[in-house]
>>> print(open('coords.cif').read())   # mmCIF, C-alpha atoms and all ligand atoms
data_entry
loop_
_atom_site.label_atom_id
_atom_site.label_comp_id
_atom_site.auth_asym_id
_atom_site.auth_seq_id
_atom_site.Cartn_x
_atom_site.Cartn_y
_atom_site.Cartn_z
CA MET A 1 8.37 22.64 -19.67
CA VAL A 2 5.83 20.08 -18.57
CA LYS A 3 7.15 18.03 -15.70
CA LYS A 4 7.45 14.29 -16.14
CA THR A 5 4.92 12.34 -14.10
CA ALA A 6 5.39 9.62 -11.49
CA PHE A 7 2.61 7.58 -9.90
CA VAL A 8 2.79 6.36 -6.30
CA SER A 9 0.08 4.14 -4.89
CA ASP A 10 -0.76 2.47 -1.62
CA PHE A 11 -1.71 -1.22 -1.89
CA ASP A 12 -4.12 -2.34 0.85
CA GLY A 13 -7.61 -0.92 0.44
CA THR A 14 -6.42 1.06 -2.60
CA ILE A 15 -5.47 -1.60 -5.17
CA THR A 16 -7.42 -4.23 -3.21
CA GLN A 17 -10.85 -3.39 -1.86
CA GLU A 18 -10.05 -3.98 1.84
CA ASP A 19 -6.92 -4.28 3.97
CA PHE A 20 -5.21 -7.67 3.94
CA PHE A 21 -5.53 -7.95 7.72
CA TRP A 22 -9.29 -7.56 7.32
CA TYR A 23 -9.50 -10.42 4.78
CA VAL A 24 -7.29 -12.59 6.97
CA SER A 25 -9.05 -11.91 10.24
CA LYS A 26 -12.49 -12.43 8.71
CA GLU A 27 -11.44 -15.84 7.46
CA TYR A 28 -9.06 -17.15 10.12
CA LEU A 29 -8.96 -15.03 13.27
CA SER A 30 -11.24 -14.15 16.16
CA GLU A 31 -12.29 -10.64 17.07
CA GLN A 32 -9.92 -10.90 20.01
CA ALA A 33 -7.03 -11.23 17.56
CA LEU A 34 -7.74 -7.70 16.34
CA LYS A 35 -7.11 -6.07 19.72
CA ALA A 36 -3.72 -4.90 18.50
CA TRP A 37 -5.42 -2.87 15.74
CA GLN A 38 -7.51 -1.07 18.31
CA LEU A 39 -4.31 -0.24 20.20
CA TYR A 40 -2.85 1.16 16.97
CA LEU A 41 -5.94 3.30 16.37
CA GLU A 42 -5.62 4.63 19.91
CA GLY A 43 -1.97 5.51 19.28
CA ARG A 44 -0.70 2.93 21.78
CA GLU A 45 0.96 0.59 19.29
CA THR A 46 2.91 1.18 16.07
CA HIS A 47 1.34 0.20 12.75
CA LEU A 48 4.11 -2.33 12.15
CA ASN A 49 3.80 -3.98 15.58
CA ALA A 50 0.01 -4.07 15.43
CA LEU A 51 0.05 -5.86 12.07
CA ASN A 52 2.76 -8.26 13.25
CA ARG A 53 0.73 -9.10 16.33
CA ILE A 54 -2.31 -9.84 14.17
CA PHE A 55 -0.50 -11.73 11.40
CA GLY A 56 1.55 -13.69 13.96
CA GLN A 57 -1.62 -15.48 15.05
CA ILE A 58 -2.31 -17.15 11.69
CA ARG A 59 -1.90 -20.93 11.99
CA ILE A 60 -2.73 -22.62 8.73
CA PRO A 61 -0.65 -24.68 6.29
CA GLN A 62 1.33 -22.44 3.94
CA LYS A 63 -0.33 -23.93 0.84
CA GLN A 64 -3.75 -23.07 2.18
CA PHE A 65 -2.59 -19.57 3.14
CA ASP A 66 -1.12 -18.97 -0.32
CA ALA A 67 -4.28 -20.20 -2.06
CA PHE A 68 -6.35 -17.89 0.13
CA ILE A 69 -4.12 -14.92 -0.76
CA LYS A 70 -4.30 -15.61 -4.49
CA GLN A 71 -8.07 -15.33 -4.61
CA ILE A 72 -8.15 -11.84 -3.06
CA PRO A 73 -9.70 -9.55 -5.67
CA TYR A 74 -8.06 -6.32 -6.80
CA ASP A 75 -9.03 -3.31 -8.88
CA LYS A 76 -9.80 -4.36 -12.45
CA ALA A 77 -8.20 -1.23 -13.86
CA PHE A 78 -4.90 -1.85 -12.05
CA PRO A 79 -3.29 -3.76 -14.99
CA GLU A 80 -4.45 -1.01 -17.35
CA ILE A 81 -2.74 1.66 -15.26
CA ALA A 82 0.38 -0.50 -15.02
CA ALA A 83 0.43 -0.89 -18.82
CA LEU A 84 -0.17 2.83 -19.37
CA CYS A 85 2.66 3.76 -16.99
CA ALA A 86 5.02 1.30 -18.69
CA GLU A 87 4.10 2.61 -22.14
CA ARG A 88 4.47 6.29 -21.14
CA LYS A 89 7.57 5.65 -19.01
CA ILE A 90 5.78 6.95 -15.92
CA PRO A 91 7.60 5.47 -12.89
CA PHE A 92 5.01 3.49 -10.93
CA TYR A 93 5.72 2.90 -7.23
CA ILE A 94 3.59 0.76 -4.95
CA CYS A 95 4.36 1.73 -1.35
CA SER A 96 2.85 -0.48 1.30
CA ALA A 97 2.89 -0.60 5.07
CA GLY A 98 1.94 -4.27 4.59
CA CYS A 99 4.43 -6.70 3.07
CA ASP A 100 5.69 -8.36 -0.10
CA TYR A 101 4.55 -11.85 0.94
CA TYR A 102 0.95 -11.25 -0.03
CA ILE A 103 1.43 -8.41 -2.53
CA ASP A 104 3.65 -10.64 -4.69
CA ARG A 105 1.08 -13.43 -4.58
CA ILE A 106 -1.76 -11.10 -5.62
CA ILE A 107 -0.15 -8.88 -8.29
CA GLY A 108 3.44 -10.18 -8.53
CA GLU A 109 3.07 -11.06 -12.23
CA ASP A 110 2.08 -7.51 -13.13
CA ILE A 111 4.83 -6.08 -10.92
CA LYS A 112 7.40 -7.99 -12.98
CA LYS A 113 5.73 -7.55 -16.34
CA PHE A 114 5.32 -3.78 -16.03
CA ASP A 115 8.48 -3.05 -14.06
CA ILE A 116 6.66 -1.62 -11.04
CA HIS A 117 8.77 -0.53 -8.05
CA LEU A 118 7.53 -2.21 -4.89
CA VAL A 119 8.62 -0.52 -1.64
CA THR A 120 7.34 -2.47 1.35
CA ASN A 121 8.23 -4.65 4.33
CA HIS A 122 9.55 -8.15 3.76
CA GLY A 123 7.17 -10.90 4.88
CA VAL A 124 8.06 -14.43 5.97
CA TYR A 125 5.43 -17.10 6.63
CA SER A 126 5.51 -20.31 8.64
CA GLU A 127 2.69 -22.36 10.10
CA GLN A 128 4.43 -22.17 13.51
CA ASN A 129 4.90 -18.38 13.67
CA GLY A 130 2.37 -16.99 11.23
CA LEU A 131 3.26 -14.09 8.95
CA GLU A 132 6.11 -11.91 10.16
CA MET A 133 6.86 -8.54 8.59
CA LEU A 134 10.43 -7.27 8.68
CA PRO A 135 10.87 -3.53 8.16
CA GLN A 136 13.25 -2.02 5.60
CA PRO A 137 16.83 -2.17 6.89
CA LYS A 138 17.64 0.81 9.12
CA GLY A 139 20.13 2.14 6.56
CA SER A 140 17.47 2.20 3.82
CA PRO A 141 16.40 5.66 2.63
CA TYR A 142 12.80 4.47 3.06
CA TYR A 143 13.09 3.13 6.64
CA ASN A 144 10.43 4.23 9.10
CA ALA A 145 10.04 2.80 12.61
CA GLU A 146 6.27 3.31 12.81
CA VAL A 147 5.16 1.50 9.66
CA GLY A 148 8.41 -0.13 8.46
CA ILE A 149 8.64 1.98 5.31
CA SER A 150 8.32 5.70 4.66
CA LYS A 151 5.94 6.45 1.79
CA ALA A 152 6.67 10.14 2.24
CA ALA A 153 10.38 9.47 1.58
CA VAL A 154 9.46 7.82 -1.74
CA VAL A 155 7.31 10.79 -2.80
CA GLN A 156 10.02 13.24 -1.70
CA LYS A 157 12.71 11.36 -3.65
CA LEU A 158 10.60 11.55 -6.82
CA LYS A 159 9.91 15.25 -6.27
CA ASP A 160 13.63 15.87 -5.76
CA GLU A 161 14.19 14.13 -9.10
CA GLY A 162 11.84 16.65 -10.72
CA TYR A 163 8.72 14.53 -11.04
CA PHE A 164 5.12 15.68 -10.81
CA VAL A 165 3.89 13.11 -8.31
CA VAL A 166 0.39 11.63 -8.42
CA PHE A 167 -0.49 9.73 -5.24
CA ALA A 168 -3.36 7.35 -4.41
CA GLY A 169 -4.26 5.97 -1.01
CA ASP A 170 -6.91 5.21 1.56
CA GLY A 171 -5.43 5.00 5.07
CA PRO A 172 -3.65 6.88 7.88
CA PRO A 173 -0.09 6.04 6.67
CA ASP A 174 -1.03 7.80 3.40
CA ALA A 175 -1.57 11.26 4.88
CA ALA A 176 2.14 12.20 5.08
CA PRO A 177 2.94 11.25 1.45
CA ALA A 178 -0.34 12.88 0.32
CA ALA A 179 0.79 16.17 1.89
CA LEU A 180 3.90 16.10 -0.33
CA ALA A 181 2.34 14.89 -3.59
CA ASP A 182 1.20 17.20 -6.41
CA VAL A 183 -2.13 15.48 -6.98
CA VAL A 184 -3.84 13.18 -4.48
CA PHE A 185 -6.54 10.58 -5.13
CA ALA A 186 -8.10 9.68 -1.79
CA LYS A 187 -10.79 7.43 -0.41
CA LYS A 188 -11.99 6.22 2.99
CA MET A 189 -9.84 7.31 5.97
CA LEU A 190 -7.39 9.26 3.79
CA LEU A 191 -10.21 11.33 2.32
CA LYS A 192 -11.26 12.28 5.84
CA LEU A 193 -7.68 13.05 6.92
CA CYS A 194 -7.05 15.20 3.81
CA MET A 195 -10.13 17.24 4.60
CA GLU A 196 -9.11 17.66 8.25
CA GLN A 197 -5.54 18.61 7.32
CA GLN A 198 -6.60 20.72 4.32
CA ILE A 199 -4.64 18.62 1.84
CA PRO A 200 -6.24 19.17 -1.59
CA CYS A 201 -7.44 15.86 -3.01
CA LEU A 202 -9.73 14.19 -5.50
CA GLU A 203 -12.11 11.57 -4.15
CA PHE A 204 -11.95 8.32 -6.10
CA LYS A 205 -13.62 4.94 -6.05
CA GLY A 206 -11.65 2.96 -8.61
CA PHE A 207 -8.40 2.98 -10.57
CA ASP A 208 -10.34 3.62 -13.79
CA GLU A 209 -10.65 7.25 -12.62
CA ILE A 210 -6.88 7.53 -12.08
CA PHE A 211 -6.31 5.82 -15.43
CA ASN A 212 -8.39 8.50 -17.16
CA TYR A 213 -6.49 11.25 -15.33
CA LEU A 214 -3.04 9.85 -16.20
CA LYS A 215 -4.07 9.25 -19.80
CA GLU A 216 -5.04 12.90 -20.23
CA ARG A 217 -1.87 14.26 -18.61
MG MG A 301 -4.26 1.33 2.49
#
>>> encode(input="coords.cif", output="structure tokens", more="lines below")
Ligand SMILES: [Mg+2]
Amino acid sequence: MVKKTAFVSDFDGTITQEDFFWYVSKEYLSEQALKAWQLYLEGRETHLNALNRIFGQIRIPQKQFDAFIKQIPYDKAFPEIAALCAERKIPFYICSAGCDYYIDRIIGEDIKKFDIHLVTNHGVYSEQNGLEMLPQPKGSPYYNAEVGISKAAVVQKLKDEGYFVVFAGDGPPDAAPAALADVVFAKKMLLKLCMEQQIPCLEFKGFDEIFNYLKER
């Protein structure tokens, strides 16, 4: 029997072109503000803390911040994939080490319309404290101290439920879920990590390629 398919995707740099922290820092922060990211890359800071330290430095009125978020471009084929998954009853999970505050403002309408499962940190914004990301509660099956959520736990849950899991991502937090998935679409850092760790993967540039793959399955 052919296994039913589930699709799990990263958000930052996968559905959008670049990471949210990159868009934000380019527009509002100094290079100095990105020091925490360097610490993360050197393994001296967790992903969650590094992002919180960067996002915590944003000091602009909420309205302006929201308007900035809403103009961030995302993959044109994303709504097509969402519609295809809804039509074929393919569970579609977006798993992000970022947070719902900006994801909802960029693709929230499609998330509701197409019944997409969003597993991510919860974000709260104020002009006084910037954007703060709160990890999943410790009791959550998807809790992870390093990035706030465990993408690998989401992939494992779907595999345990008997799904053939297709995964798409671009960054270091995507390597662990990629190692568990049945088919991996990778770009940027994840592509490099998959090669180093001998995780079979397909290189991709846009969601149109994943759309074609899912359509043929
Ligand atoms: Mg990413």
>>> closest_atom_pairs(input="coords.cif", of="chain A", to="ligand MG 301 (chain A)", cutoff="6 Å", atoms="all atoms listed in the file", output="CSV")
residue,atom,partner,partner_atom,distance
A:Asp10,CA,A:MG301,MG,5.5
A:Phe11,CA,A:MG301,MG,5.7
A:Asp12,CA,A:MG301,MG,4.0
A:Gly13,CA,A:MG301,MG,4.5
A:Thr14,CA,A:MG301,MG,5.5
A:Gly169,CA,A:MG301,MG,5.8
A:Asp170,CA,A:MG301,MG,4.8
A:Gly171,CA,A:MG301,MG,4.6
>>> closest_residue(input="coords.cif", among="A:Lys192, A:Lys205, A:Lys4, A:Lys112", to="Arg88 of chain A", atoms="only C-alpha atoms")
A:Lys4
>>> atom_distance(input="coords.cif", atom1="atom CA of Ala36 of chain A", atom2="atom CA of His117 of chain A")
29.7 Å
>>> closest_residue(input="coords.cif", among="A:Val166, A:Ile107, A:Leu191, A:Leu131", to="Pro79 of chain A", atoms="all atoms listed in the file")
A:Ile107
>>> residues_around(input="coords.cif", residues="Asp104 of chain A", least_positions_apart="3", cutoff="12 Å", atoms="all atoms listed in the file", output="ChimeraX atom specification")
/A:11,66,69-70,72,94,96,98-101,107-112,116-123
>>> closest_residue(input="coords.cif", among="A:Lys215, A:Lys113, A:Lys159, A:Arg59", to="Leu29 of chain A", atoms="only C-alpha atoms")
A:Arg59
>>> atom_distance(input="coords.cif", atom1="atom CA of Ala33 of chain A", atom2="atom CA of Ile54 of chain A")
6.0 Å
>>> closest_residue(input="coords.cif", among="A:Ala175, A:Val183, A:Leu134, A:Ala97", to="Phe7 of chain A", atoms="only C-alpha atoms")
A:Val183
>>> closest_residue(input="coords.cif", among="A:Cys194, A:Leu180, A:Ile103, A:Arg217", to="Asp160 of chain A", atoms="all atoms listed in the file")
A:Leu180
>>> decode(input="coords.cif", residues="segment 54-100 of chain A", atoms="N, CA and C atoms", output="short mmCIF file (atom, residue, chain, number, x, y, z; two decimals), in the first residue's frame")
data_model
loop_
_atom_site.label_atom_id
_atom_site.label_comp_id
_atom_site.auth_asym_id
_atom_site.auth_seq_id
_atom_site.Cartn_x
_atom_site.Cartn_y
_atom_site.Cartn_z
N ILE A 54 18.89 39.39 19.59
CA ILE A 54 18.82 40.26 18.41
C ILE A 54 17.46 40.98 18.36
N PHE A 55 16.40 40.19 18.45
CA PHE A 55 15.05 40.77 18.33
C PHE A 55 14.73 41.73 19.48
N GLY A 56 15.36 41.49 20.63
CA GLY A 56 15.11 42.35 21.80
C GLY A 56 15.64 43.76 21.64
N GLN A 57 16.40 43.99 20.58
CA GLN A 57 16.96 45.33 20.37
C GLN A 57 16.12 46.20 19.43
N ILE A 58 15.05 45.63 18.90
CA ILE A 58 14.20 46.42 17.99
C ILE A 58 13.43 47.45 18.80
N ARG A 59 13.46 48.69 18.37
CA ARG A 59 12.77 49.78 19.08
C ARG A 59 12.02 50.65 18.08
N ILE A 60 10.95 50.14 17.56
CA ILE A 60 10.14 50.96 16.65
C ILE A 60 8.68 50.78 17.03
N PRO A 61 7.83 51.77 16.67
CA PRO A 61 6.40 51.61 17.01
C PRO A 61 5.85 50.32 16.39
N GLN A 62 4.95 49.68 17.11
CA GLN A 62 4.41 48.39 16.67
C GLN A 62 3.80 48.46 15.27
N LYS A 63 3.08 49.57 15.01
CA LYS A 63 2.44 49.72 13.69
C LYS A 63 3.47 49.68 12.56
N GLN A 64 4.56 50.37 12.80
CA GLN A 64 5.63 50.42 11.80
C GLN A 64 6.27 49.03 11.64
N PHE A 65 6.46 48.36 12.76
CA PHE A 65 7.04 47.01 12.74
C PHE A 65 6.13 46.05 11.96
N ASP A 66 4.84 46.12 12.25
CA ASP A 66 3.88 45.24 11.57
C ASP A 66 3.84 45.51 10.06
N ALA A 67 3.88 46.79 9.70
CA ALA A 67 3.84 47.14 8.27
C ALA A 67 5.10 46.63 7.58
N PHE A 68 6.21 46.73 8.28
CA PHE A 68 7.48 46.21 7.73
C PHE A 68 7.39 44.69 7.50
N ILE A 69 6.84 43.99 8.49
CA ILE A 69 6.72 42.53 8.39
C ILE A 69 5.86 42.13 7.19
N LYS A 70 4.73 42.86 7.04
CA LYS A 70 3.76 42.47 6.00
C LYS A 70 4.29 42.60 4.58
N GLN A 71 5.35 43.40 4.40
CA GLN A 71 5.85 43.54 3.02
C GLN A 71 6.98 42.55 2.71
N ILE A 72 7.31 41.68 3.66
CA ILE A 72 8.37 40.69 3.40
C ILE A 72 7.87 39.68 2.36
N PRO A 73 8.61 39.53 1.26
CA PRO A 73 8.13 38.63 0.20
C PRO A 73 8.31 37.15 0.58
N TYR A 74 7.45 36.32 0.00
CA TYR A 74 7.61 34.87 0.22
C TYR A 74 7.40 34.13 -1.08
N ASP A 75 7.74 32.86 -1.08
CA ASP A 75 7.72 32.06 -2.30
C ASP A 75 6.34 32.08 -2.97
N LYS A 76 6.35 32.43 -4.24
CA LYS A 76 5.08 32.57 -4.98
C LYS A 76 4.30 31.26 -5.06
N ALA A 77 5.02 30.15 -5.03
CA ALA A 77 4.34 28.85 -5.15
C ALA A 77 3.85 28.33 -3.79
N PHE A 78 4.11 29.08 -2.72
CA PHE A 78 3.66 28.61 -1.40
C PHE A 78 2.13 28.41 -1.35
N PRO A 79 1.32 29.40 -1.79
CA PRO A 79 -0.14 29.18 -1.73
C PRO A 79 -0.59 27.99 -2.59
N GLU A 80 0.13 27.75 -3.69
CA GLU A 80 -0.23 26.61 -4.55
C GLU A 80 0.01 25.28 -3.82
N ILE A 81 1.13 25.21 -3.12
CA ILE A 81 1.41 23.99 -2.34
C ILE A 81 0.36 23.83 -1.24
N ALA A 82 0.05 24.94 -0.58
CA ALA A 82 -0.93 24.89 0.51
C ALA A 82 -2.27 24.39 -0.02
N ALA A 83 -2.67 24.89 -1.19
CA ALA A 83 -3.95 24.47 -1.79
C ALA A 83 -3.90 23.00 -2.19
N LEU A 84 -2.78 22.58 -2.77
CA LEU A 84 -2.62 21.17 -3.18
C LEU A 84 -2.70 20.24 -1.96
N CYS A 85 -2.01 20.62 -0.89
CA CYS A 85 -2.03 19.80 0.33
C CYS A 85 -3.46 19.72 0.90
N ALA A 86 -4.16 20.84 0.90
CA ALA A 86 -5.53 20.85 1.43
C ALA A 86 -6.42 19.95 0.58
N GLU A 87 -6.27 20.07 -0.73
CA GLU A 87 -7.11 19.29 -1.66
C GLU A 87 -6.83 17.79 -1.54
N ARG A 88 -5.55 17.43 -1.39
CA ARG A 88 -5.16 16.01 -1.33
C ARG A 88 -5.16 15.46 0.10
N LYS A 89 -5.53 16.29 1.05
CA LYS A 89 -5.50 15.91 2.47
C LYS A 89 -4.11 15.48 2.92
N ILE A 90 -3.12 16.19 2.43
CA ILE A 90 -1.73 15.99 2.87
C ILE A 90 -1.50 16.93 4.05
N PRO A 91 -1.27 16.39 5.27
CA PRO A 91 -1.02 17.29 6.39
C PRO A 91 0.20 18.17 6.10
N PHE A 92 0.05 19.46 6.28
CA PHE A 92 1.11 20.42 5.98
C PHE A 92 1.51 21.10 7.30
N TYR A 93 2.74 20.86 7.72
CA TYR A 93 3.27 21.46 8.96
C TYR A 93 4.34 22.48 8.61
N ILE A 94 4.22 23.67 9.19
CA ILE A 94 5.32 24.62 9.12
C ILE A 94 5.96 24.63 10.50
N CYS A 95 7.24 24.26 10.55
CA CYS A 95 7.96 24.20 11.83
C CYS A 95 9.05 25.25 11.80
N SER A 96 8.98 26.17 12.74
CA SER A 96 9.93 27.28 12.71
C SER A 96 10.60 27.53 14.04
N ALA A 97 11.91 27.74 13.97
CA ALA A 97 12.68 28.14 15.14
C ALA A 97 12.58 29.65 15.35
N GLY A 98 11.78 30.31 14.50
CA GLY A 98 11.45 31.73 14.69
C GLY A 98 10.22 31.84 15.57
N CYS A 99 9.24 32.65 15.17
CA CYS A 99 8.04 32.74 16.00
C CYS A 99 6.79 33.16 15.21
N ASP A 100 5.64 32.92 15.86
CA ASP A 100 4.35 33.17 15.21
C ASP A 100 4.09 34.66 14.94
#
